[in-house]
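Structure below is input.pdb: PDB, C-alpha atoms.
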ATOM      1  CA  MET A1071      48.863  34.663  47.095
ATOM      2  CA  ALA A1072      46.872  31.491  47.473
ATOM      3  CA  ASP A1073      48.123  30.174  44.115
ATOM      4  CA  LEU A1074      51.801  30.425  45.117
ATOM      5  CA  PRO A1075      53.676  27.314  46.227
ATOM      6  CA  GLY A1076      54.298  26.882  49.927
ATOM      7  CA  TYR A1077      58.037  27.501  49.756
ATOM      8  CA  VAL A1078      57.492  30.853  47.997
ATOM      9  CA  ARG A1079      54.982  31.984  50.657
ATOM     10  CA  THR A1080      57.401  30.941  53.397
ATOM     11  CA  CYS A1081      60.197  32.894  51.731
ATOM     12  CA  LEU A1082      57.995  35.995  51.459
ATOM     13  CA  ASP A1083      56.952  35.701  55.112
ATOM     14  CA  THR A1084      60.588  35.367  56.151
ATOM     15  CA  GLY A1085      61.440  38.462  54.106
ATOM     16  CA  LYS A1086      58.734  40.405  55.940
ATOM     17  CA  LEU A1087      60.142  39.348  59.294
ATOM     18  CA  VAL A1088      63.668  40.260  58.216
ATOM     19  CA  PHE A1089      62.479  43.699  57.084
ATOM     20  CA  LEU A1090      60.725  44.207  60.420
ATOM     21  CA  ALA A1091      63.869  43.169  62.311
ATOM     22  CA  ILE A1092      66.000  45.569  60.236
ATOM     23  CA  LEU A1093      63.609  48.433  60.997
ATOM     24  CA  VAL A1094      63.656  47.796  64.741
ATOM     25  CA  SER A1095      67.442  47.384  64.713
ATOM     26  CA  GLY A1096      67.812  50.630  62.777
ATOM     27  CA  GLY A1097      65.671  52.444  65.317
ATOM     28  CA  ILE A1098      67.763  51.120  68.183
ATOM     29  CA  VAL A1099      70.991  52.087  66.403
ATOM     30  CA  LEU A1100      69.714  55.624  65.813
ATOM     31  CA  GLN A1101      68.728  55.854  69.470
ATOM     32  CA  ILE A1102      72.186  54.805  70.638
ATOM     33  CA  LEU A1103      73.983  56.962  68.063
ATOM     34  CA  ALA A1104      72.039  60.010  69.210
ATOM     35  CA  CYS A1105      73.655  59.496  72.591
ATOM     36  CA  ALA A1106      77.106  58.202  71.678
ATOM     37  CA  LEU A1107      77.999  60.647  68.897
ATOM     38  CA  TYR A1108      77.316  63.696  71.015
ATOM     39  CA  LYS A1109      78.696  62.222  74.288
ATOM     40  CA  ASN A1110      75.435  62.919  76.087
ATOM     41  CA  TRP A1111      73.249  60.084  77.322
ATOM     42  CA  TRP A1112      70.193  62.183  78.187
ATOM     43  CA  PRO A1113      68.426  61.305  74.893
ATOM     44  CA  MET A1114      68.254  57.716  76.143
ATOM     45  CA  LEU A1115      65.509  58.975  78.465
ATOM     46  CA  SER A1116      63.049  58.662  75.607
ATOM     47  CA  ALA A1117      63.806  54.918  75.420
ATOM     48  CA  ILE A1118      61.753  54.564  78.600
ATOM     49  CA  THR A1119      58.655  55.558  76.662
ATOM     50  CA  TYR A1120      59.399  52.875  74.055
ATOM     51  CA  VAL A1121      59.285  50.316  76.862
ATOM     52  CA  ILE A1122      56.159  51.829  78.439
ATOM     53  CA  LEU A1123      54.316  52.200  75.116
ATOM     54  CA  PRO A1124      53.035  48.593  74.694
ATOM     55  CA  MET A1125      52.204  48.110  78.387
ATOM     56  CA  PRO A1126      48.618  49.496  78.252
ATOM     57  CA  LEU A1127      47.917  47.273  75.253
ATOM     58  CA  LEU A1128      49.198  44.227  77.110
ATOM     59  CA  PHE A1129      47.401  44.943  80.391
ATOM     60  CA  PHE A1130      44.090  46.557  79.469
ATOM     61  CA  ALA A1131      43.160  45.580  75.919
ATOM     62  CA  GLY A1132      40.923  42.559  75.834
ATOM     63  CA  SER A1133      41.248  39.952  73.131
ATOM     64  CA  ASP A1134      37.582  40.293  72.154
ATOM     65  CA  ASP A1135      37.764  44.008  71.242
ATOM     66  CA  SER A1136      40.022  45.437  68.571
ATOM     67  CA  ILE A1137      42.100  48.497  69.392
ATOM     68  CA  LEU A1138      41.515  49.940  65.928
ATOM     69  CA  SER A1139      37.717  49.835  66.128
ATOM     70  CA  GLU A1140      35.359  52.207  67.902
ATOM     71  CA  THR A1141      33.901  50.789  71.092
ATOM     72  CA  ASP A1142      32.168  51.900  74.273
ATOM     73  CA  ASN A1143      34.377  49.729  76.459
ATOM     74  CA  SER A1144      35.993  52.005  79.036
ATOM     75  CA  TRP A1145      39.124  49.844  79.381
ATOM     76  CA  VAL A1146      39.798  49.994  75.649
ATOM     77  CA  ASN A1147      39.321  53.767  75.694
ATOM     78  CA  PHE A1148      41.674  54.029  78.677
ATOM     79  CA  THR A1149      44.206  51.909  76.779
ATOM     80  CA  LYS A1150      43.983  54.219  73.769
ATOM     81  CA  PHE A1151      44.509  57.239  76.024
ATOM     82  CA  LEU A1152      47.590  55.776  77.753
ATOM     83  CA  THR A1153      49.084  54.660  74.445
ATOM     84  CA  GLY A1154      48.579  58.118  72.945
ATOM     85  CA  PHE A1155      50.040  59.731  76.060
ATOM     86  CA  SER A1156      53.162  57.553  75.804
ATOM     87  CA  THR A1157      53.487  58.271  72.096
ATOM     88  CA  ILE A1158      53.361  62.031  72.637
ATOM     89  CA  GLY A1159      55.858  61.620  75.475
ATOM     90  CA  SER A1160      58.344  59.902  73.188
ATOM     91  CA  ILE A1161      58.226  62.942  70.901
ATOM     92  CA  ALA A1162      58.093  65.527  73.689
ATOM     93  CA  ILE A1163      61.039  64.313  75.784
ATOM     94  CA  PRO A1164      63.722  65.018  73.143
ATOM     95  CA  CYS A1165      62.072  68.345  72.271
ATOM     96  CA  ILE A1166      62.045  69.394  75.929
ATOM     97  CA  LEU A1167      65.674  68.335  76.315
ATOM     98  CA  LYS A1168      66.601  70.444  73.275
ATOM     99  CA  HIS A1169      64.633  73.423  74.570
ATOM    100  CA  ALA A1170      66.439  73.167  77.909
ATOM    101  CA  GLY A1171      69.798  73.114  76.121
ATOM    102  CA  VAL A1172      70.691  69.630  77.335
ATOM    103  CA  ILE A1173      71.035  68.076  73.858
ATOM    104  CA  CYS A1174      72.022  69.531  70.487
ATOM    105  CA  TRP A1175      70.162  69.654  67.163
ATOM    106  CA  GLY A1176      71.863  66.526  65.804
ATOM    107  CA  ALA A1177      70.801  64.424  68.774
ATOM    108  CA  LEU A1178      67.254  65.753  68.451
ATOM    109  CA  ALA A1179      67.162  64.873  64.754
ATOM    110  CA  MET A1180      68.423  61.353  65.446
ATOM    111  CA  GLU A1181      65.924  60.875  68.267
ATOM    112  CA  LEU A1182      62.998  61.956  66.120
ATOM    113  CA  SER A1183      64.187  59.855  63.181
ATOM    114  CA  SER A1184      64.461  56.894  65.551
ATOM    115  CA  PHE A1185      60.848  57.507  66.558
ATOM    116  CA  ILE A1186      59.788  57.612  62.894
ATOM    117  CA  VAL A1187      61.588  54.319  62.220
ATOM    118  CA  PHE A1188      59.881  52.691  65.216
ATOM    119  CA  VAL A1189      56.465  53.957  64.060
ATOM    120  CA  LEU A1190      57.152  52.564  60.592
ATOM    121  CA  ALA A1191      58.063  49.206  62.160
ATOM    122  CA  ILE A1192      54.836  49.196  64.185
ATOM    123  CA  MET A1193      52.795  50.010  61.081
ATOM    124  CA  CYS A1194      54.496  47.176  59.198
ATOM    125  CA  PHE A1195      53.760  44.806  62.093
ATOM    126  CA  VAL A1196      50.096  45.797  62.117
ATOM    127  CA  GLY A1197      50.007  45.245  58.361
ATOM    128  CA  MET A1198      51.574  41.824  58.806
ATOM    129  CA  ASN A1199      49.139  41.077  61.619
ATOM    130  CA  ASN A1200      46.296  40.967  59.104
ATOM    131  CA  ASP A1201      47.834  37.786  57.704
ATOM    132  CA  ASP A1202      46.687  34.508  59.219
ATOM    133  CA  SER A1203      50.155  33.358  60.218
ATOM    134  CA  TYR A1204      50.942  36.451  62.345
ATOM    135  CA  SER A1205      48.012  37.081  64.644
ATOM    136  CA  MET A1206      49.289  38.457  67.938
ATOM    137  CA  LEU A1207      46.968  41.443  68.519
TER     138      LEU A1207
END
Represent the structure of the file as structure tokens.
Amino acid sequence: MADLPGYVRTCLDTGKLVFLAILVSGGIVLQILACALYKNWWPMLSAITYVILPMPLLFFAGSDDSILSETDNSWVNFTKFLTGFSTIGSIAIPCILKHAGVICWGALAMELSSFIVFVLAIMCFVGMNNDDSYSML
């Protein structure tokens, strides 16, 4: 992409950001629809894990170590554990609510599809993060 003019690279970068924003918005809409369509707001409980999920990365991950690499740093390992725990919690909460009979199958399907959309958005962000212009992690 180095041979492309600057305005074309800017347009492509803007398209990536727009796609990322559409994914996150779609995930939020699915989360709200899972609650509103079935007149039961218990599935919104899994939204707490979406808020908690990036907290270990913000608090414990140092800027010198990469999260995706293997390291002997105990704080990075603790961060990976807490992030994995929150990720499993965001899948488990809707499944537990369905098992308890609190939500129906449609709400469970929308909750899990919302999780898949959020994971896809995170993977796209990590892919964009490899570019020089988007280096936040």
With distances taken over only C-alpha atoms, which of A:Ser1183, A:Asn1199, A:Asn1143, A:Thr1119 is nearest to Thr1157 of chain A?
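Closest candidate: A:Thr1119.
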Do you have the atom CA of Ile1098 of chain A-atom CA of Ala1117 of chain A distance handy?
9.1 Å
Within 7 Å of segment 1121-1126 of chain A, counting all atoms listed in the file, which residues qualify if same-chain residues fewer than 5 places away don't, as a PyMOL selection string?
chain A and resi 1149+1152-1153+1156-1157
Requested write-out: C-alpha atoms of the selected residues, as a compact mmCIF listing (two decimals), keeping the file's coordinate frame:
# COMPACT_ATOMS: atom_id res chain seq x y z
CA THR A 1149 44.21 51.91 76.78
CA LEU A 1152 47.59 55.78 77.75
CA THR A 1153 49.08 54.66 74.44
CA SER A 1156 53.16 57.55 75.80
CA THR A 1157 53.49 58.27 72.10
What does the structure give for the distance between atom CA of Leu1093 of chain A and atom CA of Val1146 of chain A, in Å to one decimal?
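Atom CA of Val1146 of chain A lies 28.0 Å from atom CA of Leu1093 of chain A.
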Between atom CA of Ile1163 of chain A and atom CA of Trp1175 of chain A - distance in Å to one decimal
13.6 Å
